Amino acid sequence: MIKFQNLTKLYPPKCVALDNVSFEIKPKEFVCVVGRSGAGKTTLLKMLIAAEKPTSGKIFFAEKDVSSIKSGELPLLRREIGVVFQDYRLLQNKTVAENVSYVMEIMGRTESEIRKSLPNILEIVGLEEKMNNFPPQLSGGEQQRVAIARAIAHRPSVILADEPTGNLDPYNTKEIVRLLKKVHELGTTVVLATHDKEVVNCLQERVVTLEEGKVIRDEEKGRFII
Amino acid sequence: MLTSFKRIIRFGWKNFKRNPGSSSAAVFILVIVISMITGLYLLQRPVEYLVETIEEKVDVSLYFKEEASEAEMLVLTEQLESIPEVQDVTYVSKDDALCVFKERHEQDPLLMESLEELGINPFLASLSIKAADPENYKGIIEFVEGGEHSSLIEKIDYYKKEPILQKLFSINDQVNRFGIGFSVILGIVAFLVALNQIQISLKNSKEEINTMKIVGASDWFIKGPFIVQGAVIGTMAALISVLLFFGGLSVFNSRIEASIPGLDMLGFFSNHFILILLIQLVTGIGVGVSASLIAIRKYLKV
């Protein structure tokens with residue numbers, strides 16, 4: 001489903017963010033990409049949504065070469081992928097319901113379709129009661145749950161989560177991990193980039209470890225070892 | 001397509017409503033800009049009015065020699081009346097001129113006595129010529145001087161009035177040129193100020209635009225609401241400006257008329273209401289939308 005092929009990313013003058021990275025992600029897999037800060041996790045995820053271009057190498061998503069995608073095709077690619085960020089990146093002037101509906105509106109879903117699916121999505125993340133609140137009126141954990149709701153609203157085949165628990169306390173971290181597992185169980189491929197040892201170890205899923213831009217370990221049911 | 005269009009309009013309106021601080025600041029800036037441009041347009045009227053009033057008072061008198069017969073004078077009058085550039089020709093006979101003089105100076109016994117002692121009518125018959133446009137006087141005078149009746153003419157007072165007329169043309173010309181030049185400069189300044197204000201309000205949206213792109217929104221789905229927001233800001237500013245001018249002129253019109261009798265600015269405003277509103281809407285929406293578009297363009301490169 002996703003294939004990174006000899007991927008290298010250099011930032012001038014001498015910073016190597018990724019160094020000849022190659023691995024594949026199968027459909028419905030749960031993959032943790034782990035490593036220290038600056039190991040290249042975020043760069044890798046950014047390349048998958050074509051927010052960064054590789055210096056060399058290729059990235060395939062559903063057989064399509066993302067590294068040479070035209071700008072007009074970008075929105076279509078990104079609608080196939082749900083993204084969750086460490087800093088939530090919610091639209092501050094939109095309510096919870098509007099933030100979640102936004103992606104469905106982009107996709108051209110009708111108002112009645114949106115009205116029908118919105119309560120179900122908010123129920124999954126437990127925010128039915130706060131649908132009319134604005135992001136600044138929510139806690140960090142709640143904001144991250146809105147971000148997850150937004151990421152799954154249009155039922156993408158892949159969810160990329162970049163340090164989604166980085167700003168959260170242990171209780172909320174557990175909650176977010178539970179949600180990601182639930183999304184995975186519903187049949188979505190999940191790629192989780194994190195440096196949270198406990199999260200990785202409790203998941204017991206495939207772990208790809210990056211160090212200084214290189215893949216140093218790739219284990220099924222792996223653990224966080226650096 | 002229609003659904004997306006409706007959503008873009010709804011998002012734009014909500015953006016405007018939910019950012020009262022930056023929206024009001026942008027509306028305020030645009031009200032100033034629109035008011036300055038409207039003020040410049042309205043200012044033309046008193047200048048035009050003053051020039052028109054002076055022009056109305058300007059005429060050229062042509063004096064006949066003593067020996068010119070009334071029949072010859074009337075032929076020339078008819079000839080002049082047939083020229084389209086001539087608005088009006090008034091024949092003043094020797095007797096009429098004497099009557100006018102006596103009426104005007106009847107309170108001055110010394111002048112009256114002197115006139116009686118003279119024993120003759122010293123005044124010359126004349127034609128008072130009024131041109132449709134003061135710029136035509138020169139051509140009309142050339143026509144008279146080059147014509148068959150030139151030998152009947154004693155003097156023409158055009159040459160005494162020519163410098164005044166030239167000055168009037170030059171003032172009119174300068175006011176028009178200044179108006180156009182000032183409008184262009186004001187337009188550029190206005191645009192830059194509005195662009196700066198809208199850029200400030202969009203600065204906070206930089207991250208959000210980035211997020212919209214990452215979740216798969218097309219450029220138009222992102223740009224659209226900002227364009228609508230710019231248009232709403234422009235429309236609001238135009239409506240506020242038109243109300244301000246209407247209110248201001250309603251209050252001060254009587255004072256303006258007292259200072260410059262016959263100048264009805266409220267009447268001018270009401271008669272040109274559609275054009276003024278159109279100028280204001282075009283300025284407001286034009287500046288609002290283009291400033292939004294320019295400001296957002298650099299944030300779209302994600």
# chains A, B, ... in the order shown; residues from 1 in each chain; ligands from 1
call {"tool": "interface_residues", "arguments": {"of": "chain A", "to": "chain B", "cutoff": "12 Å", "atoms": "only C-alpha atoms", "output": "VMD selection string"}}
result
chain A and resid 45 to 53 71 to 85 87 to 95 98 to 112 134 147 150 to 154 156 159 to 160
call {"tool": "write_last_selection", "arguments": {"atoms": "C-alpha atoms", "output": "PDB file, in the first residue's frame"}}
result
ATOM      1  CA  LEU A  45       5.348  11.402   7.169  1.00  0.00           C
ATOM      2  CA  LYS A  46       5.494  14.799   5.464  1.00  0.00           C
ATOM      3  CA  MET A  47       6.807  13.126   2.324  1.00  0.00           C
ATOM      4  CA  LEU A  48       3.900  10.733   2.265  1.00  0.00           C
ATOM      5  CA  ILE A  49       1.459  13.646   2.016  1.00  0.00           C
ATOM      6  CA  ALA A  50       3.809  15.455  -0.402  1.00  0.00           C
ATOM      7  CA  ALA A  51       4.410  18.337   1.990  1.00  0.00           C
ATOM      8  CA  GLU A  52       8.133  17.691   1.409  1.00  0.00           C
ATOM      9  CA  LYS A  53       9.891  16.396  -1.680  1.00  0.00           C
ATOM     10  CA  SER A  71       0.176  20.106  -7.583  1.00  0.00           C
ATOM     11  CA  GLY A  72      -3.331  19.716  -9.034  1.00  0.00           C
ATOM     12  CA  GLU A  73      -3.434  16.098  -7.814  1.00  0.00           C
ATOM     13  CA  LEU A  74      -2.303  16.950  -4.274  1.00  0.00           C
ATOM     14  CA  PRO A  75      -5.768  17.515  -2.752  1.00  0.00           C
ATOM     15  CA  LEU A  76      -6.958  14.142  -4.102  1.00  0.00           C
ATOM     16  CA  LEU A  77      -3.957  12.352  -2.573  1.00  0.00           C
ATOM     17  CA  ARG A  78      -4.378  14.106   0.773  1.00  0.00           C
ATOM     18  CA  ARG A  79      -8.065  13.207   0.942  1.00  0.00           C
ATOM     19  CA  GLU A  80      -6.988   9.548   0.958  1.00  0.00           C
ATOM     20  CA  ILE A  81      -4.948  10.124   4.111  1.00  0.00           C
ATOM     21  CA  GLY A  82      -6.076  11.336   7.521  1.00  0.00           C
ATOM     22  CA  VAL A  83      -3.458  13.250   9.502  1.00  0.00           C
ATOM     23  CA  VAL A  84      -3.168  13.849  13.267  1.00  0.00           C
ATOM     24  CA  PHE A  85      -0.538  16.304  14.520  1.00  0.00           C
ATOM     25  CA  ASP A  87      -0.236  20.388  18.020  1.00  0.00           C
ATOM     26  CA  TYR A  88      -3.742  19.314  16.878  1.00  0.00           C
ATOM     27  CA  ARG A  89      -3.914  21.969  14.097  1.00  0.00           C
ATOM     28  CA  LEU A  90      -7.633  22.537  14.460  1.00  0.00           C
ATOM     29  CA  LEU A  91      -9.336  25.429  12.699  1.00  0.00           C
ATOM     30  CA  GLN A  92      -9.751  27.856  15.595  1.00  0.00           C
ATOM     31  CA  ASN A  93     -12.749  29.723  14.193  1.00  0.00           C
ATOM     32  CA  LYS A  94     -14.756  26.567  13.588  1.00  0.00           C
ATOM     33  CA  THR A  95     -16.673  24.571  16.161  1.00  0.00           C
ATOM     34  CA  GLU A  98     -17.473  22.239  11.797  1.00  0.00           C
ATOM     35  CA  ASN A  99     -13.876  21.052  12.135  1.00  0.00           C
ATOM     36  CA  VAL A 100     -14.969  17.452  11.684  1.00  0.00           C
ATOM     37  CA  SER A 101     -17.424  18.305   8.875  1.00  0.00           C
ATOM     38  CA  TYR A 102     -14.806  20.357   7.000  1.00  0.00           C
ATOM     39  CA  VAL A 103     -13.074  17.342   5.445  1.00  0.00           C
ATOM     40  CA  MET A 104     -16.419  15.873   4.406  1.00  0.00           C
ATOM     41  CA  GLU A 105     -17.369  19.231   2.866  1.00  0.00           C
ATOM     42  CA  ILE A 106     -14.084  19.260   0.950  1.00  0.00           C
ATOM     43  CA  MET A 107     -14.974  15.807  -0.389  1.00  0.00           C
ATOM     44  CA  GLY A 108     -18.287  17.174  -1.647  1.00  0.00           C
ATOM     45  CA  ARG A 109     -20.528  15.146   0.684  1.00  0.00           C
ATOM     46  CA  THR A 110     -24.086  16.434   0.886  1.00  0.00           C
ATOM     47  CA  GLU A 111     -25.430  18.200   3.968  1.00  0.00           C
ATOM     48  CA  SER A 112     -27.709  15.272   4.822  1.00  0.00           C
ATOM     49  CA  PHE A 134     -14.628  26.070  19.726  1.00  0.00           C
ATOM     50  CA  ALA A 147      -8.228  15.962  15.402  1.00  0.00           C
ATOM     51  CA  ARG A 150     -11.435  14.923  11.661  1.00  0.00           C
ATOM     52  CA  ALA A 151      -8.831  12.458  10.419  1.00  0.00           C
ATOM     53  CA  ILE A 152     -11.306   9.562  10.266  1.00  0.00           C
ATOM     54  CA  ALA A 153     -14.431  11.547   9.213  1.00  0.00           C
ATOM     55  CA  HIS A 154     -14.017  10.904   5.483  1.00  0.00           C
ATOM     56  CA  PRO A 156      -9.463   7.473   4.602  1.00  0.00           C
ATOM     57  CA  ILE A 159      -4.144   7.594   9.215  1.00  0.00           C
ATOM     58  CA  LEU A 160      -0.801   9.282   9.864  1.00  0.00           C
TER      59      LEU A 160
END
call {"tool": "residues_around", "arguments": {"residues": "stretch 187-201 of chain B", "least_positions_apart": "2", "cutoff": "9 Å", "atoms": "only C-alpha atoms", "output": "list in words"}}
result
Asn19, Ser22, Ser23, Ala25, Ala26, Ile29, Leu30, Ile32, Val33, Ile34, Ile37, Phe182, Ser183, Val184, Ile185, Lys203, Asn204, Ser205, Gly230, Thr283, Val287, Gly288, Ser290, Ala291, Ser292, Ile294, Ala295 and Ile296 of chain B
call {"tool": "write_last_selection", "arguments": {"atoms": "N, CA and C atoms", "output": "PDB file, in the first residue's frame"}}
result
ATOM      1  N   ASN B  19     -14.558  36.906  13.469  1.00  0.00           N
ATOM      2  CA  ASN B  19     -13.337  37.675  13.744  1.00  0.00           C
ATOM      3  C   ASN B  19     -13.710  39.149  13.857  1.00  0.00           C
ATOM      4  N   SER B  22     -10.589  41.881  13.827  1.00  0.00           N
ATOM      5  CA  SER B  22      -9.870  42.172  12.583  1.00  0.00           C
ATOM      6  C   SER B  22     -10.827  42.607  11.478  1.00  0.00           C
ATOM      7  N   SER B  23     -12.072  42.072  11.486  1.00  0.00           N
ATOM      8  CA  SER B  23     -13.037  42.493  10.465  1.00  0.00           C
ATOM      9  C   SER B  23     -13.365  43.972  10.631  1.00  0.00           C
ATOM     10  N   ALA B  25     -11.556  46.264  12.043  1.00  0.00           N
ATOM     11  CA  ALA B  25     -10.384  47.081  11.697  1.00  0.00           C
ATOM     12  C   ALA B  25     -10.296  47.251  10.186  1.00  0.00           C
ATOM     13  N   ALA B  26     -10.511  46.144   9.451  1.00  0.00           N
ATOM     14  CA  ALA B  26     -10.436  46.216   7.986  1.00  0.00           C
ATOM     15  C   ALA B  26     -11.561  47.095   7.440  1.00  0.00           C
ATOM     16  N   ILE B  29     -10.658  50.769   8.081  1.00  0.00           N
ATOM     17  CA  ILE B  29      -9.636  51.266   7.134  1.00  0.00           C
ATOM     18  C   ILE B  29     -10.282  51.545   5.779  1.00  0.00           C
ATOM     19  N   LEU B  30     -11.124  50.606   5.345  1.00  0.00           N
ATOM     20  CA  LEU B  30     -11.750  50.786   4.031  1.00  0.00           C
ATOM     21  C   LEU B  30     -12.747  51.945   4.029  1.00  0.00           C
ATOM     22  N   ILE B  32     -12.356  54.697   5.611  1.00  0.00           N
ATOM     23  CA  ILE B  32     -11.515  55.899   5.433  1.00  0.00           C
ATOM     24  C   ILE B  32     -11.133  56.044   3.961  1.00  0.00           C
ATOM     25  N   VAL B  33     -10.686  54.927   3.384  1.00  0.00           N
ATOM     26  CA  VAL B  33     -10.245  54.939   1.982  1.00  0.00           C
ATOM     27  C   VAL B  33     -11.400  55.361   1.069  1.00  0.00           C
ATOM     28  N   ILE B  34     -12.563  54.716   1.252  1.00  0.00           N
ATOM     29  CA  ILE B  34     -13.720  55.002   0.392  1.00  0.00           C
ATOM     30  C   ILE B  34     -14.177  56.438   0.597  1.00  0.00           C
ATOM     31  N   ILE B  37     -11.973  58.828  -1.332  1.00  0.00           N
ATOM     32  CA  ILE B  37     -12.236  58.803  -2.774  1.00  0.00           C
ATOM     33  C   ILE B  37     -13.592  59.463  -3.072  1.00  0.00           C
ATOM     34  N   PHE B 182      -4.422  62.972  -8.036  1.00  0.00           N
ATOM     35  CA  PHE B 182      -4.619  62.701  -6.614  1.00  0.00           C
ATOM     36  C   PHE B 182      -5.396  61.399  -6.417  1.00  0.00           C
ATOM     37  N   SER B 183      -6.387  61.169  -7.303  1.00  0.00           N
ATOM     38  CA  SER B 183      -7.178  59.934  -7.209  1.00  0.00           C
ATOM     39  C   SER B 183      -6.286  58.714  -7.394  1.00  0.00           C
ATOM     40  N   VAL B 184      -5.366  58.802  -8.375  1.00  0.00           N
ATOM     41  CA  VAL B 184      -4.480  57.664  -8.651  1.00  0.00           C
ATOM     42  C   VAL B 184      -3.582  57.399  -7.440  1.00  0.00           C
ATOM     43  N   ILE B 185      -2.979  58.483  -6.907  1.00  0.00           N
ATOM     44  CA  ILE B 185      -2.084  58.321  -5.757  1.00  0.00           C
ATOM     45  C   ILE B 185      -2.866  57.767  -4.562  1.00  0.00           C
ATOM     46  N   LYS B 203      -2.511  36.891   8.811  1.00  0.00           N
ATOM     47  CA  LYS B 203      -1.296  36.315   9.374  1.00  0.00           C
ATOM     48  C   LYS B 203      -1.649  35.181  10.342  1.00  0.00           C
ATOM     49  N   ASN B 204      -2.721  35.416  11.119  1.00  0.00           N
ATOM     50  CA  ASN B 204      -3.165  34.395  12.079  1.00  0.00           C
ATOM     51  C   ASN B 204      -3.719  33.172  11.361  1.00  0.00           C
ATOM     52  N   SER B 205      -4.093  33.354  10.103  1.00  0.00           N
ATOM     53  CA  SER B 205      -4.693  32.243   9.368  1.00  0.00           C
ATOM     54  C   SER B 205      -3.648  31.389   8.650  1.00  0.00           C
ATOM     55  N   GLY B 230     -13.396  39.280   2.030  1.00  0.00           N
ATOM     56  CA  GLY B 230     -12.942  40.575   1.501  1.00  0.00           C
ATOM     57  C   GLY B 230     -14.105  41.353   0.896  1.00  0.00           C
ATOM     58  N   THR B 283     -14.844  50.331  -5.232  1.00  0.00           N
ATOM     59  CA  THR B 283     -13.608  50.569  -4.466  1.00  0.00           C
ATOM     60  C   THR B 283     -13.503  49.563  -3.319  1.00  0.00           C
ATOM     61  N   VAL B 287     -10.872  46.582  -3.582  1.00  0.00           N
ATOM     62  CA  VAL B 287      -9.699  46.605  -2.697  1.00  0.00           C
ATOM     63  C   VAL B 287      -9.745  45.393  -1.752  1.00  0.00           C
ATOM     64  N   GLY B 288     -10.929  45.130  -1.178  1.00  0.00           N
ATOM     65  CA  GLY B 288     -11.071  44.009  -0.230  1.00  0.00           C
ATOM     66  C   GLY B 288     -10.699  42.677  -0.848  1.00  0.00           C
ATOM     67  N   SER B 290      -9.087  42.023  -3.861  1.00  0.00           N
ATOM     68  CA  SER B 290      -7.733  41.857  -4.410  1.00  0.00           C
ATOM     69  C   SER B 290      -6.696  41.813  -3.292  1.00  0.00           C
ATOM     70  N   ALA B 291      -6.921  42.594  -2.218  1.00  0.00           N
ATOM     71  CA  ALA B 291      -5.971  42.531  -1.099  1.00  0.00           C
ATOM     72  C   ALA B 291      -5.992  41.137  -0.460  1.00  0.00           C
ATOM     73  N   SER B 292      -7.180  40.542  -0.327  1.00  0.00           N
ATOM     74  CA  SER B 292      -7.286  39.182   0.233  1.00  0.00           C
ATOM     75  C   SER B 292      -6.530  38.192  -0.653  1.00  0.00           C
ATOM     76  N   ILE B 294      -4.099  38.720  -2.863  1.00  0.00           N
ATOM     77  CA  ILE B 294      -2.636  38.898  -2.846  1.00  0.00           C
ATOM     78  C   ILE B 294      -2.067  38.378  -1.527  1.00  0.00           C
ATOM     79  N   ALA B 295      -2.770  38.717  -0.426  1.00  0.00           N
ATOM     80  CA  ALA B 295      -2.269  38.325   0.895  1.00  0.00           C
ATOM     81  C   ALA B 295      -2.251  36.806   1.064  1.00  0.00           C
ATOM     82  N   ILE B 296      -3.247  36.131   0.512  1.00  0.00           N
ATOM     83  CA  ILE B 296      -3.363  34.676   0.748  1.00  0.00           C
ATOM     84  C   ILE B 296      -2.431  33.879  -0.176  1.00  0.00           C
TER      85      ILE B 296
END
call {"tool": "select_by_dssp", "arguments": {"residues": "stretch 25-212 of chain A", "states": "strand (DSSP E)", "output": "ChimeraX atom specification"}}
result
/A:25,30-34,56-61,64-65,81-84,158-162,189-194,206-211
call {"tool": "atom_distance", "arguments": {"atom1": "atom CA of B:Glu78", "atom2": "atom CA of B:Glu103"}}
result
28.2 Å
call {"tool": "closest_residue", "arguments": {"among": "A:Ser67, A:Gln143, A:Ser117, A:Gln5", "to": "A:Ile25", "atoms": "only C-alpha atoms"}}
result
A:Gln5
call {"tool": "residues_around", "arguments": {"residues": "A:Thr8", "least_positions_apart": "6", "cutoff": "9 Å", "atoms": "only C-alpha atoms", "output": "PDB file with C-alpha atoms, in the first residue's frame"}}
result
ATOM      1  CA  VAL A  16      20.745  14.501   6.377  1.00  0.00           C
ATOM      2  CA  ALA A  17      17.115  14.026   7.464  1.00  0.00           C
ATOM      3  CA  LEU A  18      16.640  10.663   5.725  1.00  0.00           C
ATOM      4  CA  ASP A  19      19.336   8.402   4.382  1.00  0.00           C
ATOM      5  CA  ASN A  20      18.380   5.719   1.878  1.00  0.00           C
ATOM      6  CA  VAL A  21      15.213   4.637   3.700  1.00  0.00           C
ATOM      7  CA  PRO A  54      12.657  13.783  -1.406  1.00  0.00           C
ATOM      8  CA  THR A  55      16.152  14.643  -2.576  1.00  0.00           C
ATOM      9  CA  SER A  56      16.266  11.180  -4.130  1.00  0.00           C
ATOM     10  CA  GLY A  57      14.238   7.990  -4.014  1.00  0.00           C
ATOM     11  CA  LYS A  58      10.531   7.379  -4.405  1.00  0.00           C
ATOM     12  CA  GLY A 213      17.797   9.253   9.095  1.00  0.00           C
TER      13      GLY A 213
END
call {"tool": "atom_distance", "arguments": {"atom1": "atom CA of B:Val86", "atom2": "atom CA of B:Val144"}}
result
12.2 Å
call {"tool": "atom_distance", "arguments": {"atom1": "atom CA of B:Lys167", "atom2": "atom CA of B:Leu263"}}
result
22.5 Å
call {"tool": "closest_residue", "arguments": {"among": "B:Lys57, B:Lys130, B:Lys298, B:Arg45", "to": "B:Pro84", "atoms": "only C-alpha atoms"}}
result
B:Lys130
call {"tool": "residues_around", "arguments": {"residues": "B:Asp96", "least_positions_apart": "6", "cutoff": "12 Å", "atoms": "only C-alpha atoms", "output": "ChimeraX atom specification"}}
result
/B:90,102-103,121-127
call {"tool": "decode", "arguments": {"residues": "stretch 173-255 of chain B", "atoms": "C-alpha atoms", "output": "mmCIF file, in the first residue's frame"}}
result
data_model
loop_
_atom_site.group_PDB
_atom_site.id
_atom_site.type_symbol
_atom_site.label_atom_id
_atom_site.label_comp_id
_atom_site.auth_asym_id
_atom_site.auth_seq_id
_atom_site.Cartn_x
_atom_site.Cartn_y
_atom_site.Cartn_z
ATOM 1 C CA ASP B 173 -7.632 72.236 -16.243
ATOM 2 C CA GLN B 174 -5.397 72.147 -13.185
ATOM 3 C CA VAL B 175 -8.256 71.118 -10.894
ATOM 4 C CA ASN B 176 -9.136 68.262 -13.258
ATOM 5 C CA ARG B 177 -5.518 67.165 -13.593
ATOM 6 C CA PHE B 178 -4.945 67.422 -9.848
ATOM 7 C CA GLY B 179 -8.140 65.428 -9.268
ATOM 8 C CA ILE B 180 -7.045 62.589 -11.545
ATOM 9 C CA GLY B 181 -3.471 62.572 -10.208
ATOM 10 C CA PHE B 182 -4.619 62.701 -6.614
ATOM 11 C CA SER B 183 -7.178 59.934 -7.209
ATOM 12 C CA VAL B 184 -4.480 57.664 -8.651
ATOM 13 C CA ILE B 185 -2.084 58.321 -5.757
ATOM 14 C CA LEU B 186 -4.889 57.932 -3.219
ATOM 15 C CA GLY B 187 -5.987 54.719 -4.910
ATOM 16 C CA ILE B 188 -2.475 53.239 -4.638
ATOM 17 C CA VAL B 189 -2.055 54.343 -1.006
ATOM 18 C CA ALA B 190 -5.530 53.038 -0.180
ATOM 19 C CA PHE B 191 -4.771 49.704 -1.764
ATOM 20 C CA LEU B 192 -1.477 49.342 0.118
ATOM 21 C CA VAL B 193 -3.054 50.276 3.455
ATOM 22 C CA ALA B 194 -5.950 47.857 2.938
ATOM 23 C CA LEU B 195 -3.540 45.149 1.761
ATOM 24 C CA ASN B 196 -1.464 45.631 4.887
ATOM 25 C CA GLN B 197 -4.525 45.488 7.151
ATOM 26 C CA ILE B 198 -5.891 42.343 5.468
ATOM 27 C CA GLN B 199 -2.427 40.777 5.555
ATOM 28 C CA ILE B 200 -2.285 41.387 9.305
ATOM 29 C CA SER B 201 -5.655 39.723 9.797
ATOM 30 C CA LEU B 202 -4.599 36.802 7.576
ATOM 31 C CA LYS B 203 -1.296 36.315 9.374
ATOM 32 C CA ASN B 204 -3.165 34.395 12.079
ATOM 33 C CA SER B 205 -4.693 32.243 9.368
ATOM 34 C CA LYS B 206 -1.325 31.101 7.991
ATOM 35 C CA GLU B 207 -1.305 27.928 10.108
ATOM 36 C CA GLU B 208 -4.961 27.271 9.351
ATOM 37 C CA ILE B 209 -4.424 27.599 5.600
ATOM 38 C CA ASN B 210 -1.563 25.126 5.965
ATOM 39 C CA THR B 211 -3.878 22.710 7.791
ATOM 40 C CA MET B 212 -6.608 23.109 5.159
ATOM 41 C CA LYS B 213 -4.109 22.173 2.460
ATOM 42 C CA ILE B 214 -2.852 19.178 4.417
ATOM 43 C CA VAL B 215 -6.371 17.799 4.895
ATOM 44 C CA GLY B 216 -6.948 17.996 1.135
ATOM 45 C CA ALA B 217 -8.772 21.281 0.470
ATOM 46 C CA SER B 218 -8.332 22.591 -3.059
ATOM 47 C CA ASP B 219 -6.881 26.070 -3.560
ATOM 48 C CA TRP B 220 -10.283 27.512 -4.448
ATOM 49 C CA PHE B 221 -11.931 25.962 -1.416
ATOM 50 C CA ILE B 222 -9.322 27.769 0.694
ATOM 51 C CA LYS B 223 -9.189 31.039 -1.264
ATOM 52 C CA GLY B 224 -12.943 31.308 -1.794
ATOM 53 C CA PRO B 225 -13.967 32.136 1.793
ATOM 54 C CA PHE B 226 -11.218 34.776 2.060
ATOM 55 C CA ILE B 227 -12.434 36.373 -1.176
ATOM 56 C CA VAL B 228 -15.993 36.346 0.163
ATOM 57 C CA GLN B 229 -14.736 37.807 3.447
ATOM 58 C CA GLY B 230 -12.942 40.575 1.501
ATOM 59 C CA ALA B 231 -16.129 41.273 -0.456
ATOM 60 C CA VAL B 232 -18.228 41.411 2.730
ATOM 61 C CA ILE B 233 -15.704 43.810 4.310
ATOM 62 C CA GLY B 234 -15.777 45.981 1.156
ATOM 63 C CA THR B 235 -19.580 45.997 0.975
ATOM 64 C CA MET B 236 -19.939 46.864 4.667
ATOM 65 C CA ALA B 237 -17.403 49.675 4.306
ATOM 66 C CA ALA B 238 -19.215 51.046 1.218
ATOM 67 C CA LEU B 239 -22.591 51.003 2.969
ATOM 68 C CA ILE B 240 -21.201 52.692 6.080
ATOM 69 C CA SER B 241 -19.483 55.335 3.908
ATOM 70 C CA VAL B 242 -22.629 56.094 1.915
ATOM 71 C CA LEU B 243 -24.615 56.474 5.148
ATOM 72 C CA LEU B 244 -21.924 58.727 6.633
ATOM 73 C CA PHE B 245 -21.947 60.991 3.567
ATOM 74 C CA PHE B 246 -25.729 61.097 3.408
ATOM 75 C CA GLY B 247 -25.967 61.924 7.122
ATOM 76 C CA GLY B 248 -23.129 64.455 6.945
ATOM 77 C CA LEU B 249 -24.556 66.262 3.925
ATOM 78 C CA SER B 250 -28.084 66.277 5.400
ATOM 79 C CA VAL B 251 -26.722 68.041 8.470
ATOM 80 C CA PHE B 252 -24.295 70.427 6.771
ATOM 81 C CA ASN B 253 -26.002 71.135 3.429
ATOM 82 C CA SER B 254 -27.719 74.312 4.664
ATOM 83 C CA ARG B 255 -24.375 75.639 5.945
#
